[in-house]
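What's in model-v9.cif: mmCIF, C-alpha atoms and all ligand atoms
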data_input
loop_
_atom_site.label_atom_id
_atom_site.label_comp_id
_atom_site.auth_asym_id
_atom_site.auth_seq_id
_atom_site.Cartn_x
_atom_site.Cartn_y
_atom_site.Cartn_z
CA PRO A 886 6.14 -4.03 21.68
CA ALA A 887 4.94 -0.45 21.91
CA HIS A 888 5.38 1.70 18.82
CA THR A 889 8.27 4.10 19.31
CA PRO A 890 9.36 7.03 17.15
CA ALA A 891 12.57 5.11 16.44
CA MET A 892 10.59 2.38 14.69
CA ASP A 893 9.37 5.00 12.24
CA ALA A 894 12.84 5.21 10.80
CA PHE A 895 12.75 1.82 9.15
CA TRP A 896 9.84 1.71 6.78
CA MET A 897 9.19 4.02 3.92
CA PRO A 898 6.07 6.09 4.32
CA PHE A 899 3.25 5.69 1.81
CA THR A 900 2.69 9.41 2.04
CA ALA A 901 4.08 12.11 4.22
CA SER A 902 0.63 12.75 5.68
CA ARG A 903 0.55 9.58 7.71
CA GLN A 904 1.73 11.65 10.70
CA PHE A 905 2.69 8.53 12.61
CA LYS A 906 5.31 10.26 14.67
CA SER A 907 2.78 12.08 16.81
CA ALA A 908 -0.01 9.49 16.83
CA PRO A 909 0.54 6.04 15.41
CA ARG A 910 -2.63 4.53 14.02
CA LEU A 911 -1.93 0.84 14.17
CA LEU A 912 -4.42 -1.88 13.38
CA ALA A 913 -3.80 -5.24 14.99
CA LYS A 914 -6.93 -7.28 14.42
CA ALA A 915 -10.05 -7.34 12.26
CA LYS A 916 -13.38 -9.14 12.13
CA ASP A 917 -16.49 -8.49 10.02
CA MET A 918 -17.17 -4.72 10.15
CA HIS A 919 -14.39 -3.82 12.59
CA PHE A 920 -10.71 -3.28 13.15
CA TRP A 921 -9.09 -3.26 16.57
CA THR A 922 -6.01 -1.30 17.58
CA PRO A 923 -3.21 -3.00 19.56
CA GLU A 924 -4.74 -1.44 22.69
CA GLY A 925 -8.05 -3.12 21.91
CA ARG A 926 -9.96 -0.06 20.68
CA GLN A 927 -12.72 -1.03 18.21
CA ILE A 928 -12.88 0.88 14.90
CA LEU A 929 -15.88 0.64 12.55
CA ASP A 930 -14.50 0.12 9.04
CA GLY A 931 -16.23 2.69 6.86
CA ILE A 932 -13.99 2.22 3.83
CA ALA A 933 -13.62 -1.58 3.57
CA GLY A 934 -9.93 -1.36 4.39
CA LEU A 935 -9.02 0.55 1.23
CA TRP A 936 -12.20 -0.06 -0.82
CA CYS A 937 -11.40 -3.77 -0.93
CA VAL A 938 -12.80 -5.81 1.98
CA ASN A 939 -16.25 -6.02 0.40
CA ALA A 940 -17.40 -9.15 2.27
CA GLY A 941 -16.10 -7.92 5.64
CA HIS A 942 -13.01 -8.97 7.57
CA ALA A 943 -11.86 -12.49 8.38
CA ARG A 944 -14.93 -14.21 6.99
CA PRO A 945 -14.75 -17.89 8.02
CA LYS A 946 -14.98 -19.41 4.54
CA ILE A 947 -12.20 -17.21 3.20
CA VAL A 948 -9.93 -17.76 6.20
CA GLU A 949 -10.42 -21.52 6.00
CA ALA A 950 -9.84 -21.64 2.24
CA VAL A 951 -6.55 -19.76 2.51
CA GLN A 952 -5.33 -21.86 5.43
CA LYS A 953 -6.15 -25.07 3.58
CA GLN A 954 -4.56 -23.86 0.37
CA VAL A 955 -1.26 -22.82 1.90
CA ALA A 956 -0.82 -26.28 3.37
CA GLU A 957 -1.80 -28.04 0.13
CA LEU A 958 -0.16 -26.06 -2.67
CA ASP A 959 1.64 -22.90 -1.63
CA TYR A 960 2.80 -21.88 -5.10
CA ALA A 961 2.59 -22.97 -8.73
CA PRO A 962 4.38 -21.22 -11.61
CA PRO A 963 1.96 -19.56 -14.03
CA PHE A 964 4.20 -20.00 -17.07
CA ASN A 965 3.75 -23.24 -19.03
CA MET A 966 1.76 -24.70 -16.16
CA ALA A 967 -1.03 -23.82 -13.79
CA HIS A 968 -3.14 -25.28 -11.01
CA PRO A 969 -6.79 -26.34 -11.01
CA LYS A 970 -8.12 -23.46 -8.91
CA SER A 971 -6.95 -20.86 -11.44
CA PHE A 972 -9.17 -22.44 -14.11
CA GLU A 973 -12.03 -22.89 -11.68
CA LEU A 974 -11.79 -19.26 -10.62
CA ALA A 975 -11.73 -17.96 -14.21
CA GLU A 976 -14.86 -19.96 -14.97
CA ARG A 977 -16.63 -18.72 -11.85
CA LEU A 978 -15.68 -15.10 -12.49
CA ILE A 979 -17.05 -14.98 -16.00
CA GLN A 980 -20.43 -16.05 -14.69
CA ILE A 981 -20.76 -12.64 -13.03
CA THR A 982 -18.99 -10.39 -15.56
CA PRO A 983 -21.02 -8.63 -18.24
CA ALA A 984 -21.81 -10.87 -21.21
CA GLY A 985 -18.96 -10.78 -23.70
CA LEU A 986 -16.19 -10.18 -21.15
CA ASN A 987 -15.35 -13.82 -20.79
CA ARG A 988 -11.58 -14.11 -20.77
CA VAL A 989 -9.49 -13.55 -17.64
CA PHE A 990 -5.85 -12.56 -17.10
CA PHE A 991 -4.71 -12.67 -13.47
CA THR A 992 -2.53 -10.00 -11.90
CA ASN A 993 -1.74 -9.04 -8.30
CA SER A 994 -3.05 -5.51 -7.98
CA GLY A 995 -5.05 -2.78 -9.60
CA SER A 996 -1.94 -1.05 -10.92
CA GLU A 997 -0.82 -4.27 -12.59
CA SER A 998 -4.28 -4.80 -14.06
CA VAL A 999 -4.19 -1.34 -15.61
CA ASP A 1000 -0.77 -1.70 -17.19
CA THR A 1001 -1.73 -5.18 -18.38
CA ALA A 1002 -4.85 -3.83 -20.09
CA LEU A 1003 -2.95 -0.99 -21.76
CA LYS A 1004 -0.42 -3.46 -23.14
CA MET A 1005 -3.20 -5.76 -24.28
CA ALA A 1006 -4.81 -2.92 -26.22
CA VAL A 1007 -1.62 -2.05 -28.10
CA ALA A 1008 -0.73 -5.70 -28.74
CA TYR A 1009 -4.25 -6.43 -29.98
CA HIS A 1010 -4.18 -3.66 -32.56
CA ARG A 1011 -0.65 -4.57 -33.63
CA ALA A 1012 -1.59 -8.21 -34.09
CA ARG A 1013 -4.35 -7.06 -36.39
CA GLY A 1014 -1.96 -5.05 -38.54
CA GLN A 1015 -2.77 -1.73 -36.82
CA GLY A 1016 0.57 -1.06 -35.22
CA THR A 1017 0.01 2.69 -35.41
CA ARG A 1018 -2.59 2.50 -32.65
CA THR A 1019 -0.44 3.33 -29.65
CA ARG A 1020 -2.06 6.46 -28.20
CA PHE A 1021 -4.22 6.39 -25.07
CA ILE A 1022 -6.95 8.62 -23.79
CA GLY A 1023 -7.55 8.88 -20.06
CA ARG A 1024 -9.60 11.39 -18.15
CA GLU A 1025 -8.84 14.28 -15.85
CA ARG A 1026 -9.29 13.17 -12.23
CA GLY A 1027 -8.89 9.54 -13.33
CA TYR A 1028 -6.92 7.28 -11.00
CA HIS A 1029 -5.41 4.14 -12.47
CA GLY A 1030 -2.78 3.08 -9.98
CA VAL A 1031 0.82 4.08 -9.64
CA ASN A 1032 2.78 2.20 -12.31
CA PHE A 1033 4.11 4.18 -15.27
CA GLY A 1034 1.21 3.30 -17.57
CA GLY A 1035 -1.32 4.03 -14.88
CA ILE A 1036 0.05 7.44 -13.94
CA SER A 1037 0.42 8.36 -17.63
CA VAL A 1038 -3.25 7.75 -18.39
CA GLY A 1039 -4.28 8.86 -14.90
CA GLY A 1040 -5.56 12.37 -14.53
CA ILE A 1041 -3.86 13.37 -11.29
CA VAL A 1042 -1.13 15.81 -12.24
CA GLY A 1043 0.49 15.57 -8.80
CA ASN A 1044 1.07 11.84 -9.25
CA ARG A 1045 2.95 12.45 -12.50
CA LYS A 1046 5.03 15.51 -11.88
CA THR A 1047 8.06 14.02 -10.15
CA PHE A 1048 8.32 10.95 -12.38
CA GLY A 1049 8.41 12.15 -15.98
CA PRO A 1050 8.75 11.43 -18.80
CA MET A 1051 5.49 9.51 -19.03
CA LEU A 1052 4.14 7.27 -21.78
CA THR A 1053 4.04 9.43 -24.88
CA GLY A 1054 0.82 10.00 -26.75
CA VAL A 1055 -1.69 10.39 -23.96
CA ASP A 1056 -4.59 12.85 -23.89
CA HIS A 1057 -7.14 13.36 -21.16
CA LEU A 1058 -10.87 13.81 -21.48
CA ARG A 1059 -12.31 16.65 -19.47
CA HIS A 1060 -13.61 15.36 -16.17
CA THR A 1061 -17.34 15.14 -15.70
CA TYR A 1062 -17.67 16.94 -12.39
CA ASP A 1063 -19.62 20.13 -12.46
CA PRO A 1064 -21.30 21.26 -9.24
CA ALA A 1065 -24.19 22.67 -11.24
CA ARG A 1066 -24.81 19.26 -12.75
CA ASN A 1067 -23.53 16.73 -10.20
CA GLY A 1068 -23.96 18.72 -7.01
CA TYR A 1069 -25.73 16.85 -4.20
CA SER A 1070 -26.62 14.11 -6.67
CA ARG A 1071 -28.38 11.11 -5.22
CA GLY A 1072 -27.18 8.49 -7.65
CA VAL A 1073 -26.43 9.30 -11.26
CA PRO A 1074 -27.13 12.88 -12.39
CA LEU A 1075 -29.83 12.86 -15.00
CA HIS A 1076 -28.63 15.03 -17.81
CA GLY A 1077 -25.69 16.17 -19.86
CA GLY A 1078 -23.86 12.87 -20.25
CA PRO A 1079 -23.83 12.50 -24.03
CA GLU A 1080 -22.76 16.12 -24.52
CA LEU A 1081 -19.83 15.69 -22.10
CA ALA A 1082 -18.77 12.49 -23.87
CA GLU A 1083 -18.46 14.45 -27.12
CA ASP A 1084 -15.16 15.64 -25.64
CA LEU A 1085 -13.80 12.35 -26.96
CA GLU A 1086 -14.53 13.51 -30.51
CA ARG A 1087 -12.54 16.68 -29.76
CA ILE A 1088 -9.49 14.60 -28.85
CA VAL A 1089 -9.91 12.16 -31.74
CA ALA A 1090 -9.99 15.14 -34.09
CA LEU A 1091 -6.58 16.26 -32.77
CA HIS A 1092 -4.99 13.07 -34.03
CA ASP A 1093 -5.66 10.49 -36.68
CA ALA A 1094 -8.16 8.06 -35.12
CA SER A 1095 -6.01 5.23 -36.46
CA THR A 1096 -3.29 6.18 -33.96
CA ILE A 1097 -5.47 5.70 -30.88
CA ALA A 1098 -5.41 2.36 -29.05
CA ALA A 1099 -7.83 2.82 -26.18
CA VAL A 1100 -9.82 5.05 -23.89
CA ILE A 1101 -9.63 4.25 -20.17
CA VAL A 1102 -12.07 5.54 -17.56
CA GLU A 1103 -13.41 4.52 -14.19
CA PRO A 1104 -17.21 4.20 -14.47
CA VAL A 1105 -17.33 6.15 -11.19
CA ALA A 1106 -14.07 7.89 -10.32
CA GLY A 1107 -13.39 6.64 -6.79
CA SER A 1108 -10.06 7.84 -5.50
CA THR A 1109 -10.64 11.37 -6.73
CA GLY A 1110 -13.83 11.86 -4.79
CA VAL A 1111 -16.65 9.59 -6.00
CA VAL A 1112 -17.44 11.41 -9.24
CA LEU A 1113 -20.50 9.95 -10.98
CA PRO A 1114 -20.96 9.87 -14.75
CA PRO A 1115 -24.04 11.78 -15.84
CA GLU A 1116 -26.65 9.55 -17.47
CA GLY A 1117 -25.72 8.58 -21.01
CA TYR A 1118 -22.03 9.54 -20.67
CA LEU A 1119 -20.58 6.03 -20.72
CA GLN A 1120 -22.99 4.93 -23.48
CA ARG A 1121 -21.83 7.79 -25.69
CA LEU A 1122 -18.14 7.03 -25.01
CA ARG A 1123 -18.87 3.46 -26.13
CA GLU A 1124 -20.49 4.65 -29.37
CA ILE A 1125 -17.64 7.00 -30.23
CA CYS A 1126 -15.03 4.31 -29.52
CA ASP A 1127 -16.89 1.88 -31.79
CA LYS A 1128 -17.12 4.46 -34.54
CA HIS A 1129 -13.32 4.91 -34.56
CA GLY A 1130 -12.16 1.36 -33.79
CA ILE A 1131 -10.83 2.44 -30.39
CA LEU A 1132 -10.97 -0.02 -27.47
CA LEU A 1133 -12.84 1.03 -24.35
CA ILE A 1134 -11.32 0.06 -20.99
CA PHE A 1135 -13.28 0.37 -17.75
CA ASP A 1136 -11.11 0.50 -14.67
CA GLU A 1137 -13.34 -1.26 -12.14
CA VAL A 1138 -10.77 -1.73 -9.39
CA ILE A 1139 -13.12 0.05 -6.96
CA THR A 1140 -16.46 -0.21 -8.77
CA GLY A 1141 -16.21 -3.97 -9.31
CA PHE A 1142 -17.58 -6.68 -7.05
CA GLY A 1143 -20.72 -5.08 -5.73
CA ARG A 1144 -19.60 -1.60 -4.74
CA LEU A 1145 -22.25 0.11 -6.91
CA GLY A 1146 -25.06 -2.30 -6.03
CA ALA A 1147 -24.43 -4.49 -9.07
CA PRO A 1148 -21.59 -6.92 -9.80
CA PHE A 1149 -19.73 -4.30 -11.86
CA GLY A 1150 -20.11 -0.69 -12.97
CA ALA A 1151 -20.53 -2.06 -16.48
CA THR A 1152 -23.52 -4.05 -15.24
CA ARG A 1153 -24.98 -1.11 -13.37
CA PHE A 1154 -24.65 1.29 -16.32
CA GLY A 1155 -25.46 -1.24 -19.04
CA VAL A 1156 -22.29 -0.49 -21.02
CA THR A 1157 -19.80 -3.24 -21.79
CA PRO A 1158 -16.18 -2.26 -22.31
CA ASP A 1159 -13.66 -4.28 -24.34
CA LEU A 1160 -11.34 -4.67 -21.37
CA MET A 1161 -12.14 -4.37 -17.68
CA THR A 1162 -9.52 -4.03 -14.96
CA THR A 1163 -10.25 -5.29 -11.45
CA ALA A 1164 -8.51 -6.04 -8.13
CA LYS A 1165 -9.49 -5.28 -4.48
CA GLY A 1166 -12.90 -6.98 -4.04
CA ILE A 1167 -11.93 -9.91 -6.26
CA SER A 1168 -10.24 -11.57 -3.27
CA ASN A 1169 -11.78 -9.43 -0.53
CA GLY A 1170 -8.37 -7.88 0.11
CA THR A 1171 -7.38 -11.05 1.96
CA VAL A 1172 -4.64 -12.03 -0.49
CA PRO A 1173 -3.47 -9.51 -3.12
CA MET A 1174 -5.04 -10.20 -6.51
CA GLY A 1175 -6.18 -8.46 -9.66
CA ALA A 1176 -7.65 -9.55 -12.97
CA VAL A 1177 -8.20 -8.11 -16.43
CA PHE A 1178 -11.32 -9.26 -18.24
CA ALA A 1179 -11.23 -9.20 -22.03
CA ARG A 1180 -13.52 -9.90 -24.91
CA GLN A 1181 -12.91 -13.32 -26.42
CA ALA A 1182 -11.74 -11.80 -29.72
CA ILE A 1183 -8.99 -9.90 -27.91
CA HIS A 1184 -7.83 -12.98 -26.08
CA GLU A 1185 -7.79 -15.03 -29.26
CA THR A 1186 -5.84 -12.41 -31.14
CA LEU A 1187 -3.25 -12.17 -28.36
CA THR A 1188 -2.74 -15.90 -28.00
CA ASN A 1189 -3.11 -17.19 -31.53
CA VAL A 1190 0.53 -18.09 -32.01
CA ASP A 1191 -0.25 -20.60 -34.74
CA SER A 1192 -1.25 -17.97 -37.26
CA ALA A 1193 2.17 -16.33 -37.45
CA PRO A 1194 3.77 -14.30 -38.95
CA HIS A 1195 1.40 -11.36 -38.44
CA VAL A 1196 0.08 -12.46 -35.03
CA ILE A 1197 2.27 -11.93 -32.02
CA GLU A 1198 2.17 -13.57 -28.64
CA PHE A 1199 1.30 -11.47 -25.62
CA ALA A 1200 4.63 -11.59 -23.82
CA HIS A 1201 3.46 -10.46 -20.42
CA GLY A 1202 2.78 -11.98 -17.00
CA TYR A 1203 3.77 -11.99 -13.36
CA THR A 1204 5.45 -14.54 -11.11
CA TYR A 1205 2.37 -14.47 -8.90
CA SER A 1206 -0.33 -14.38 -11.63
CA GLY A 1207 -3.09 -16.69 -10.43
CA HIS A 1208 -1.29 -17.42 -7.16
CA PRO A 1209 -2.90 -20.44 -5.43
CA LEU A 1210 -3.59 -18.49 -2.22
CA ALA A 1211 -5.19 -15.65 -4.15
CA CYS A 1212 -7.30 -18.06 -6.18
CA ALA A 1213 -8.42 -19.86 -3.03
CA ALA A 1214 -9.30 -16.55 -1.37
CA ALA A 1215 -11.15 -15.34 -4.46
CA LEU A 1216 -13.18 -18.55 -4.82
CA ALA A 1217 -14.25 -18.37 -1.18
CA THR A 1218 -14.97 -14.66 -1.62
CA LEU A 1219 -17.26 -15.39 -4.58
CA ASP A 1220 -19.02 -18.06 -2.49
CA THR A 1221 -19.53 -15.55 0.30
CA TYR A 1222 -20.83 -12.90 -2.10
CA ALA A 1223 -23.27 -15.41 -3.62
CA GLU A 1224 -24.50 -16.93 -0.36
CA GLU A 1225 -25.14 -13.54 1.21
CA GLY A 1226 -26.37 -11.70 -1.90
CA LEU A 1227 -23.63 -9.12 -1.42
CA LEU A 1228 -23.13 -8.17 -5.07
CA THR A 1229 -26.57 -6.54 -5.10
CA ARG A 1230 -26.80 -5.56 -1.44
CA GLY A 1231 -25.55 -2.08 -2.27
CA ALA A 1232 -28.71 -1.55 -4.34
CA GLU A 1233 -30.91 -2.56 -1.40
CA LEU A 1234 -29.11 -0.18 0.96
CA GLU A 1235 -28.54 2.63 -1.52
CA SER A 1236 -31.44 4.83 -0.54
CA TYR A 1237 -30.92 4.27 3.21
CA PHE A 1238 -27.25 5.23 2.84
CA ALA A 1239 -28.20 8.18 0.62
CA ASP A 1240 -30.75 9.46 3.17
CA ALA A 1241 -28.14 9.31 5.93
CA LEU A 1242 -25.48 11.05 3.83
CA HIS A 1243 -27.67 13.76 2.39
CA ALA A 1244 -28.90 14.67 5.89
CA LEU A 1245 -25.39 16.15 6.35
CA LYS A 1246 -26.26 18.93 3.90
CA GLY A 1247 -26.02 22.25 5.65
CA LEU A 1248 -23.44 21.20 8.26
CA PRO A 1249 -20.40 23.50 8.50
CA HIS A 1250 -18.12 23.49 5.43
CA VAL A 1251 -20.11 20.80 3.55
CA ILE A 1252 -20.22 21.89 -0.10
CA ASP A 1253 -21.35 18.69 -1.82
CA ILE A 1254 -22.54 15.14 -1.18
CA ARG A 1255 -22.57 12.32 -3.74
CA ASN A 1256 -23.52 8.65 -3.53
CA ILE A 1257 -24.26 5.50 -5.49
CA GLY A 1258 -24.59 1.92 -4.23
CA LEU A 1259 -22.51 1.64 -1.08
CA VAL A 1260 -20.07 4.39 -1.91
CA GLY A 1261 -20.49 7.96 -0.81
CA ALA A 1262 -18.61 11.23 -0.54
CA VAL A 1263 -18.95 14.38 1.50
CA GLU A 1264 -16.97 17.26 0.08
CA LEU A 1265 -15.74 20.04 2.34
CA ALA A 1266 -14.65 23.56 1.49
CA PRO A 1267 -10.84 23.56 1.61
CA LEU A 1268 -9.03 25.67 4.16
CA ALA A 1269 -7.40 28.59 2.38
CA GLY A 1270 -3.87 27.63 1.32
CA LEU A 1271 -4.08 24.19 2.93
CA PRO A 1272 -5.79 21.83 0.50
CA GLY A 1273 -6.81 18.52 2.08
CA LYS A 1274 -6.19 19.68 5.65
CA ARG A 1275 -9.83 20.19 6.63
CA ALA A 1276 -10.83 16.68 5.50
CA PHE A 1277 -7.74 15.11 7.05
CA ASP A 1278 -8.59 16.67 10.42
CA VAL A 1279 -12.09 15.22 10.12
CA PHE A 1280 -10.59 11.82 9.34
CA LEU A 1281 -8.41 12.02 12.48
CA GLN A 1282 -11.34 13.00 14.68
CA CYS A 1283 -13.52 10.19 13.26
CA PHE A 1284 -10.72 7.72 13.95
CA ASP A 1285 -10.53 8.94 17.55
CA LEU A 1286 -14.27 8.34 17.80
CA GLY A 1287 -13.88 4.79 16.47
CA VAL A 1288 -14.82 5.19 12.80
CA LEU A 1289 -12.52 4.79 9.80
CA VAL A 1290 -13.21 6.90 6.71
CA ARG A 1291 -10.89 7.99 3.91
CA THR A 1292 -9.96 11.36 2.55
CA THR A 1293 -9.12 12.33 -0.97
CA GLY A 1294 -8.35 16.01 -1.20
CA ASP A 1295 -11.06 17.67 0.87
CA THR A 1296 -13.56 14.93 0.20
CA ILE A 1297 -14.45 12.35 2.85
CA ALA A 1298 -15.07 9.03 1.10
CA MET A 1299 -16.99 6.09 2.51
CA SER A 1300 -17.22 2.61 1.05
CA PRO A 1301 -18.02 0.20 3.87
CA PRO A 1302 -18.00 -3.58 3.61
CA LEU A 1303 -21.22 -4.69 1.89
CA ILE A 1304 -22.30 -6.54 5.04
CA ILE A 1305 -22.90 -3.26 6.88
CA SER A 1306 -26.15 -3.03 8.88
CA LYS A 1307 -28.45 -0.02 8.94
CA ALA A 1308 -27.43 0.64 12.55
CA GLN A 1309 -23.80 0.66 11.45
CA ILE A 1310 -24.63 3.08 8.62
CA ASP A 1311 -26.16 5.31 11.30
CA GLN A 1312 -22.99 5.02 13.39
CA LEU A 1313 -20.71 5.72 10.43
CA VAL A 1314 -22.54 8.76 9.11
CA GLY A 1315 -23.63 9.87 12.61
CA THR A 1316 -20.02 9.99 13.82
CA LEU A 1317 -19.06 12.01 10.76
CA ALA A 1318 -21.98 14.35 11.48
CA ASP A 1319 -20.83 14.79 15.10
CA VAL A 1320 -17.35 15.74 13.93
CA LEU A 1321 -18.63 18.10 11.23
CA LYS A 1322 -20.89 19.86 13.74
CA ARG A 1323 -17.79 20.88 15.67
CA GLY A 1324 -17.18 23.20 12.69
N1 LIG B 1 -7.40 1.72 -10.46
C1 LIG B 1 -8.33 2.24 -9.65
C2 LIG B 1 -9.61 2.73 -10.22
C3 LIG B 1 -8.10 2.28 -8.26
O1 LIG B 1 -9.01 2.82 -7.47
C4 LIG B 1 -6.88 1.78 -7.76
C5 LIG B 1 -6.57 1.78 -6.28
N2 LIG B 1 -7.33 2.55 -5.47
C6 LIG B 1 -5.96 1.26 -8.66
C7 LIG B 1 -6.25 1.24 -10.00
C8 LIG B 1 -4.65 0.73 -8.18
O2 LIG B 1 -4.80 -0.42 -7.46
P1 LIG B 1 -3.59 -0.98 -6.55
O3 LIG B 1 -3.44 -0.02 -5.43
O4 LIG B 1 -4.11 -2.34 -6.12
O5 LIG B 1 -2.41 -1.08 -7.41
#
Could you take the file, read its structure, and then write that structure out as structure tokens?
Ligand code: PMP
Amino acid sequence: PAHTPAMDAFWMPFTASRQFKSAPRLLAKAKDMHFWTPEGRQILDGIAGLWCVNAGHARPKIVEAVQKQVAELDYAPPFNMAHPKSFELAERLIQITPAGLNRVFFTNSGSESVDTALKMAVAYHRARGQGTRTRFIGRERGYHGVNFGGISVGGIVGNRKTFGPMLTGVDHLRHTYDPARNGYSRGVPLHGGPELAEDLERIVALHDASTIAAVIVEPVAGSTGVVLPPEGYLQRLREICDKHGILLIFDEVITGFGRLGAPFGATRFGVTPDLMTTAKGISNGTVPMGAVFARQAIHETLTNVDSAPHVIEFAHGYTYSGHPLACAAALATLDTYAEEGLLTRGAELESYFADALHALKGLPHVIDIRNIGLVGAVELAPLAGLPGKRAFDVFLQCFDLGVLVRTTGDTIAMSPPLIISKAQIDQLVGTLADVLKRG
């Protein structure tokens, strides 16, 4: 049936800006690099759904695996029992995670992965007799999902303001974006990283280090505009955390599974965190799934119930942790990534994508361009008094021209499926260029 304004009444909007009343943007079908609207209009997917469909839409292996799984075992409780694919998936996943991150806890989303990791950090310290370590350090402009833990450590003030009080004991590192340093950066900016990371010492000095549980950062901040860490920044954060016994959490919900041209941001930057949160690309967005990867020592501390009394069990988990359909989708996704070399394809296409993006420099209102792997951002000068409006108008015009991008503030973000061809990169960035030229 046709979409009518009356239908709008029944579901709660994600955000007010969806503007469905005037122009519904419905997606009815998807395959490989494209969506189709109910009217049959083809849309090139320039953002992999929502940074998640890394292998492309409706890939045959993944479709088949999910269909087979639902008929065979539709559900298995994750408490006190399990099913074979959850073990198989954990084993397969740790073959591609950075060495040392070899324990897996399944969740159903990025937000759940984040709150799981925060709880793991506190429980780990407590089990080791360091129950005072309950503080967290996030970063300005950090995005860690929408659950209470995630918005507390997240650095988007607007996401917090209507929901307080937050978790107590959270500080935020200064964000790393500085146009003088990061502006028009092709890949990682070369200098200034270690100095910026010293901001962590500033925060540690405000409190007793023995009260701090963990630092959480995205290796590349995605949802707040593709903000790259200057070279040496993540390494220095790692050193300072080690010095003070603070756990380091990388939120790799976007950066994981090939987005940066390597399996994970940790792989790309050569820095291994203690906990790594993932979701999205783990199951190609086909079935909701997330996972937290932990160092073995953390897992052992959290599950060593035999050495009571000082060791506690990690009382945490979800009805759908390791859901059979999600595991089946994720296994087939990993097969597809491996067979097609997708986890490193972003490195092969990085300079082609960068050339296309950086050719937009000089078009009306473009004030910055950033890229790494197969993720890129074009930042526009905001319209006075109407933050986000300029980019949103560009998004609408691109959609009308058959290309899906995403906006975050006045930044246009692109993160296409990793199967994108060079001709499709030309179409994606070329359409954006055509819209920007309209001024
Ligand atoms: N962390 C990061 C870094 C993310 O980018 C996102 C989602 N964009 C999340 C957490 C939350 O994931 P979800 O929407 O699956 O809860």
One decimal, Å: what's the distance from atom CA of Pro962 of chain A over to atom CA of Tyr1205 of chain A, could you say?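 Between atom CA of Pro962 of chain A and atom CA of Tyr1205 of chain A the gap is 7.5 Å.
With all atoms listed in the file as the atoms that count, the residue of A:Arg1059, A:Ser996, A:Glu1103, A:Thr1017 with the shortest distance to Phe1033 of chain A is A:Ser996.
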Just the number, please: distance in Å from atom CA of Leu1234 of chain A to atom CA of Phe1280 of chain A, one decimal.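 Computing it gives 23.6 Å between the two atoms.
Between ligand LIG 1 (chain B) and the residues A:Ile1139, A:Met918, A:Val1038, A:Leu1281, the shortest atom-to-atom distance, using all atoms listed in the file, involves A:Ile1139.
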Using the file's own x, y and z axes, so that the box edges lie along x, y and z, what centre and edge lengths in Å (one decimal) does a box around every listed atom of ligand LIG 1 (chain B) get when 8 Å is added on each side? Give it as JSON.
{"center_x": -6.0, "center_y": 0.2, "center_z": -7.9, "size_x": 23.2, "size_y": 21.2, "size_z": 21.0}
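With the cut-off set to 6 Å and all atoms listed in the file counted, the residues surrounding ligand LIG 1 (chain B) are Ser994, Gly995, Ser996, Tyr1028, His1029, Gly1030, Glu1103, Gly1107, Ser1108, Asp1136, Glu1137, Val1138 and Ile1139 of chain A.
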Tell me, in Å to one decimal, how far atom CA of Leu1133 of chain A is from atom CA of Gly1175 of chain A.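 Going from atom CA of Leu1133 of chain A over to atom CA of Gly1175 of chain A covers 18.7 Å.
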Could you check which of A:Ala1012, A:Ile932, A:Ala940, A:Ala913 is closest to Leu1313 of chain A, using all atoms listed in the file?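 Checking each candidate against Leu1313 of chain A, we get A:Ile932 as the closest.
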Selection: 12 Å around Thr1229 of chain A, all atoms listed in the file, excl. self and same-chain fewer than 5 positions, as a list in words: Asn939, Ile981, Gly1141, Phe1142, Gly1143, Arg1144, Leu1145, Gly1146, Ala1147, Pro1148, Phe1149, Gly1150, Thr1152, Arg1153, Tyr1222, Ala1223, Glu1224, Leu1234, Glu1235, Gly1258, Leu1259, Leu1303 and Ile1304 of chain A
With all atoms listed in the file as the counted atoms, please give the residues lying no more than 9 Å from Ala933 of chain A, apart from itself and same-chain residues fewer than 2 positions off, as a ChimeraX atom specification. /A:918,930-931,935-942,1170,1289,1299-1303
Go ahead and save the picked residues with C-alpha atoms, as a PDB file, keeping the file's coordinate frame.
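This is the output file out-v6.pdb:
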ATOM      1  CA  MET A 918     -17.170  -4.720  10.150  1.00  0.00           C
ATOM      2  CA  ASP A 930     -14.500   0.120   9.040  1.00  0.00           C
ATOM      3  CA  GLY A 931     -16.230   2.690   6.860  1.00  0.00           C
ATOM      4  CA  LEU A 935      -9.020   0.550   1.230  1.00  0.00           C
ATOM      5  CA  TRP A 936     -12.200  -0.060  -0.820  1.00  0.00           C
ATOM      6  CA  CYS A 937     -11.400  -3.770  -0.930  1.00  0.00           C
ATOM      7  CA  VAL A 938     -12.800  -5.810   1.980  1.00  0.00           C
ATOM      8  CA  ASN A 939     -16.250  -6.020   0.400  1.00  0.00           C
ATOM      9  CA  ALA A 940     -17.400  -9.150   2.270  1.00  0.00           C
ATOM     10  CA  GLY A 941     -16.100  -7.920   5.640  1.00  0.00           C
ATOM     11  CA  HIS A 942     -13.010  -8.970   7.570  1.00  0.00           C
ATOM     12  CA  GLY A1170      -8.370  -7.880   0.110  1.00  0.00           C
ATOM     13  CA  LEU A1289     -12.520   4.790   9.800  1.00  0.00           C
ATOM     14  CA  MET A1299     -16.990   6.090   2.510  1.00  0.00           C
ATOM     15  CA  SER A1300     -17.220   2.610   1.050  1.00  0.00           C
ATOM     16  CA  PRO A1301     -18.020   0.200   3.870  1.00  0.00           C
ATOM     17  CA  PRO A1302     -18.000  -3.580   3.610  1.00  0.00           C
ATOM     18  CA  LEU A1303     -21.220  -4.690   1.890  1.00  0.00           C
TER      19      LEU A1303
END
